[in-house]
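**Student:** To start, I am sharing the structure in question, which I have written as structure tokens.
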Amino acid sequence: AVVRRAPYPALEDVVVSWILHEWPRPALGTVQPAMGAIRWACRLRGLPAPLLHPRLCGNLGKSQSAPPIRSGELLRLLASDARSLRERVLVLLARHLSVSEIAALRWVDVTLSASAVVLQLPTATVTVPAHPVPALCLVRALTEWRRGPARWVVRGPHGATSKVHVRQVLRACGVSPRRLRAGAALEALELGLSQRLVEQRFRIGRGALMNAVRG
């Protein structure tokens with residue numbers, strides 16, 4: 001059989017029409033697997049793989065998950081006098097790192113200056129500039145928190161803390177790393193940062209970032 005190459009706009013229109021016929025108000029979690037399968041099938045047949053079309057983006061249903069935590073809500077959550085410096089450090093770290101990365105972070109991986117903090121992770125280097133709001137400034141919080149020759153940034157009773165403990169503290173503060181990173185990433189996009197820089201700085205995937213924008 002001879003495979004005919006369809007023009008890219010025509011192929012894209014067919015894909016969009018089919019998805020909207022099957023799911024009139026598709027969620028991002030539904031569209032992404034469908035698009036992945038379609039792109040893979042197109043490559044096998046020597047056809048150009050379609051991208052996410054603006055028509056389709058406009059029909060994406062809103063996420064049913066909890067909304068991102070923006071700066072205003074985070075300030076309210078951190079405003080309580082009962083919040084310790086340790087809790088604030090954990091919450092601000094969670095705007096950029098996963099639970100496992102926080103638990104494994106050592107002071108030797110942290111480079112502090114007046115204008116930024118550089119976190120050297122096993123798989124990436126994350127640079128976080130000083131925040132103009134003192135209560136949301138990771139640079140300020142880590143500077144105040146750093147004391148003595150401790151090895152781990154967040155210590156437990158016997159050295160490094162556990163991922164379970166980090167989750168418990170964040171839950172007690174009413175936050176989750178996913179919601180924190182989504183909120184911080186949205187605000188950075190609104191300030192004009194590039195999508196690539198936002199994904200790197202807040203350790204957020206493209207799909208999660210799109211979901212936050214749509215939600």
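We name chains A, B, ... following the order of the structure tokens; residues begin at 1 in each chain, and ligands are numbered from 1 as shown.
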Counting only C-alpha atoms, which residues of segment 80-122 of chain A sit at most 8 Å from some atom of segment 162-170 of chain A, and what is each one's closest atom pair with its distance in Å to one decimal, listed by chain and rising residue number, as a tab-separated table?

**Tutor:**
residue	atom	partner	partner_atom	distance
A:Glu87	CA	A:Val169	CA	6.9
A:Leu90	CA	A:Leu170	CA	7.3
A:Val91	CA	A:Leu170	CA	6.4
A:Val99	CA	A:Lys163	CA	5.8
A:Ser100	CA	A:Lys163	CA	5.6
A:Ile102	CA	A:Val166	CA	7.7
A:Ala103	CA	A:Lys163	CA	5.7

**Student:** Export N, CA, C and O atoms of the chosen residues as an mmCIF file, in the first residue's frame?

**Tutor:**
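Result file follows (again.cif):
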data_model
loop_
_atom_site.group_PDB
_atom_site.id
_atom_site.type_symbol
_atom_site.label_atom_id
_atom_site.label_comp_id
_atom_site.auth_asym_id
_atom_site.auth_seq_id
_atom_site.Cartn_x
_atom_site.Cartn_y
_atom_site.Cartn_z
ATOM 1 N N GLU A 87 9.546 25.529 59.460
ATOM 2 C CA GLU A 87 8.381 25.315 58.606
ATOM 3 C C GLU A 87 8.398 26.259 57.401
ATOM 4 O O GLU A 87 8.091 25.852 56.275
ATOM 5 N N LEU A 90 10.873 24.998 54.831
ATOM 6 C CA LEU A 90 10.331 23.850 54.096
ATOM 7 C C LEU A 90 9.304 24.287 53.051
ATOM 8 O O LEU A 90 9.328 23.814 51.910
ATOM 9 N N VAL A 91 8.410 25.185 53.435
ATOM 10 C CA VAL A 91 7.374 25.638 52.510
ATOM 11 C C VAL A 91 7.985 26.377 51.324
ATOM 12 O O VAL A 91 7.602 26.148 50.171
ATOM 13 N N VAL A 99 9.481 16.761 47.256
ATOM 14 C CA VAL A 99 9.657 16.308 48.645
ATOM 15 C C VAL A 99 10.965 15.545 48.808
ATOM 16 O O VAL A 99 11.716 15.759 49.764
ATOM 17 N N SER A 100 11.268 14.651 47.874
ATOM 18 C CA SER A 100 12.503 13.864 47.971
ATOM 19 C C SER A 100 13.731 14.749 47.834
ATOM 20 O O SER A 100 14.757 14.513 48.501
ATOM 21 N N ILE A 102 13.946 17.919 48.740
ATOM 22 C CA ILE A 102 14.077 18.674 49.993
ATOM 23 C C ILE A 102 14.726 17.804 51.064
ATOM 24 O O ILE A 102 15.644 18.237 51.773
ATOM 25 N N ALA A 103 14.259 16.566 51.179
ATOM 26 C CA ALA A 103 14.789 15.668 52.216
ATOM 27 C C ALA A 103 16.277 15.370 52.006
ATOM 28 O O ALA A 103 17.008 15.171 52.984
#

**Student:** With only C-alpha atoms as the basis for distance, which of A:Leu97, A:Ala114, A:Val175, A:Val126 is at the shortest distance from Leu142 of chain A?

**Tutor:** A:Ala114

**Student:** Enumerate the residues of segment 97-174 of chain A with a DSSP assignment of helix (DSSP H, G or I), computed from the backbone, and present them as a ChimeraX atom specification.

**Tutor:** /A:99-104,107-109,134-136,138-145,163-172

**Student:** With C-alpha atoms kept, could you save the residues just selected as a PDB file, in the first residue's frame?

**Tutor:**
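Saved file result.pdb follows:
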ATOM      1  CA  VAL A  99       9.657  16.308  48.645  1.00  0.00           C
ATOM      2  CA  SER A 100      12.503  13.864  47.971  1.00  0.00           C
ATOM      3  CA  GLU A 101      14.803  16.684  46.829  1.00  0.00           C
ATOM      4  CA  ILE A 102      14.077  18.674  49.993  1.00  0.00           C
ATOM      5  CA  ALA A 103      14.789  15.668  52.216  1.00  0.00           C
ATOM      6  CA  ALA A 104      18.107  15.001  50.463  1.00  0.00           C
ATOM      7  CA  TRP A 107      24.288  22.622  52.774  1.00  0.00           C
ATOM      8  CA  VAL A 108      27.187  21.768  50.478  1.00  0.00           C
ATOM      9  CA  ASP A 109      24.625  21.863  47.634  1.00  0.00           C
ATOM     10  CA  PRO A 134      10.713  39.205  52.837  1.00  0.00           C
ATOM     11  CA  ALA A 135       8.248  36.541  54.040  1.00  0.00           C
ATOM     12  CA  LEU A 136       8.449  34.804  50.626  1.00  0.00           C
ATOM     13  CA  LEU A 138      13.982  31.780  50.156  1.00  0.00           C
ATOM     14  CA  VAL A 139      17.372  33.537  50.228  1.00  0.00           C
ATOM     15  CA  ARG A 140      16.465  35.318  53.467  1.00  0.00           C
ATOM     16  CA  ALA A 141      14.907  32.229  55.063  1.00  0.00           C
ATOM     17  CA  LEU A 142      17.922  30.009  54.320  1.00  0.00           C
ATOM     18  CA  THR A 143      20.334  32.706  55.509  1.00  0.00           C
ATOM     19  CA  GLU A 144      18.488  32.913  58.844  1.00  0.00           C
ATOM     20  CA  TRP A 145      18.168  29.117  59.070  1.00  0.00           C
ATOM     21  CA  LYS A 163      10.232  12.316  52.851  1.00  0.00           C
ATOM     22  CA  VAL A 164       7.346  11.288  55.106  1.00  0.00           C
ATOM     23  CA  HIS A 165       8.263  13.976  57.628  1.00  0.00           C
ATOM     24  CA  VAL A 166       8.553  16.649  54.919  1.00  0.00           C
ATOM     25  CA  ARG A 167       5.075  15.731  53.636  1.00  0.00           C
ATOM     26  CA  GLN A 168       3.655  15.848  57.158  1.00  0.00           C
ATOM     27  CA  VAL A 169       5.047  19.330  57.809  1.00  0.00           C
ATOM     28  CA  LEU A 170       3.792  20.689  54.482  1.00  0.00           C
ATOM     29  CA  ARG A 171       0.367  19.142  55.050  1.00  0.00           C
ATOM     30  CA  ALA A 172       0.201  20.702  58.511  1.00  0.00           C
TER      31      ALA A 172
END

**Student:** At what distance in Å, to one decimal, does atom CA of Leu186 of chain A lie from atom CA of Val89 of chain A?

**Tutor:**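 Distance reported for this atom pair: 21.0 Å.
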
**Student:** When DSSP is applied to the backbone of this structure, which of segment 66-172 of chain A are assigned strand (DSSP E or B)? Write them out as a CSV table (one decimal) with N, CA and C atoms, in the first residue's frame.

**Tutor:**
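Now in selection-v8.csv:
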chain,number,residue,atom,x,y,z
A,106,ARG,N,21.6,19.0,51.0
A,106,ARG,CA,22.7,19.3,51.9
A,106,ARG,C,23.2,20.7,51.8
A,110,VAL,N,24.1,24.1,48.6
A,110,VAL,CA,23.5,25.4,48.6
A,110,VAL,C,24.5,26.5,48.5
A,111,THR,N,24.4,27.4,47.6
A,111,THR,CA,25.3,28.6,47.5
A,111,THR,C,24.4,29.8,47.7
A,112,LEU,N,24.7,30.5,48.7
A,112,LEU,CA,23.9,31.7,49.1
A,112,LEU,C,24.6,33.0,48.8
A,116,ALA,N,20.6,35.9,45.3
A,116,ALA,CA,20.1,34.6,44.9
A,116,ALA,C,20.6,33.4,45.7
A,117,VAL,N,19.9,32.3,45.6
A,117,VAL,CA,20.4,31.0,46.1
A,117,VAL,C,20.5,30.0,45.0
A,118,VAL,N,21.6,29.3,44.9
A,118,VAL,CA,21.8,28.3,43.9
A,118,VAL,C,21.7,26.9,44.5
A,119,LEU,N,20.8,26.1,44.1
A,119,LEU,CA,20.6,24.7,44.7
A,119,LEU,C,21.1,23.7,43.6
A,120,GLN,N,22.2,23.0,44.0
A,120,GLN,CA,22.8,22.0,43.1
A,120,GLN,C,22.2,20.7,43.4
A,125,THR,N,20.5,22.2,38.2
A,125,THR,CA,20.9,23.4,39.0
A,125,THR,C,19.7,24.4,39.0
A,126,VAL,N,19.2,24.7,40.2
A,126,VAL,CA,18.1,25.6,40.4
A,126,VAL,C,18.6,26.9,41.0
A,127,THR,N,18.4,28.0,40.3
A,127,THR,CA,18.7,29.3,40.8
A,127,THR,C,17.5,30.1,41.1
A,128,VAL,N,17.4,30.5,42.4
A,128,VAL,CA,16.2,31.2,42.9
A,128,VAL,C,16.6,32.6,43.3
A,129,PRO,N,16.2,33.7,42.6
A,129,PRO,CA,16.5,35.0,43.0
A,129,PRO,C,15.8,35.4,44.3
A,152,TRP,N,22.9,18.6,56.8
A,152,TRP,CA,21.6,18.6,56.1
A,152,TRP,C,20.9,19.9,56.3
A,155,ARG,N,17.3,18.9,59.0
A,155,ARG,CA,17.7,17.8,59.8
A,155,ARG,C,16.6,17.0,60.5
A,156,GLY,N,16.8,15.7,60.6
A,156,GLY,CA,15.9,14.9,61.5
A,156,GLY,C,16.6,14.6,62.8
A,159,GLY,N,20.1,12.8,61.7
A,159,GLY,CA,20.7,13.3,60.5
A,159,GLY,C,19.7,13.8,59.5
A,160,ALA,N,19.7,13.2,58.3
A,160,ALA,CA,18.8,13.7,57.2
A,160,ALA,C,17.3,13.4,57.6

**Student:** Figure out the distance between atom CA of Arg178 of chain A and atom CA of Leu75 of chain A, please, to one decimal in Å.

**Tutor:**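 Going from atom CA of Leu75 of chain A over to atom CA of Arg178 of chain A, I get 17.1 Å.
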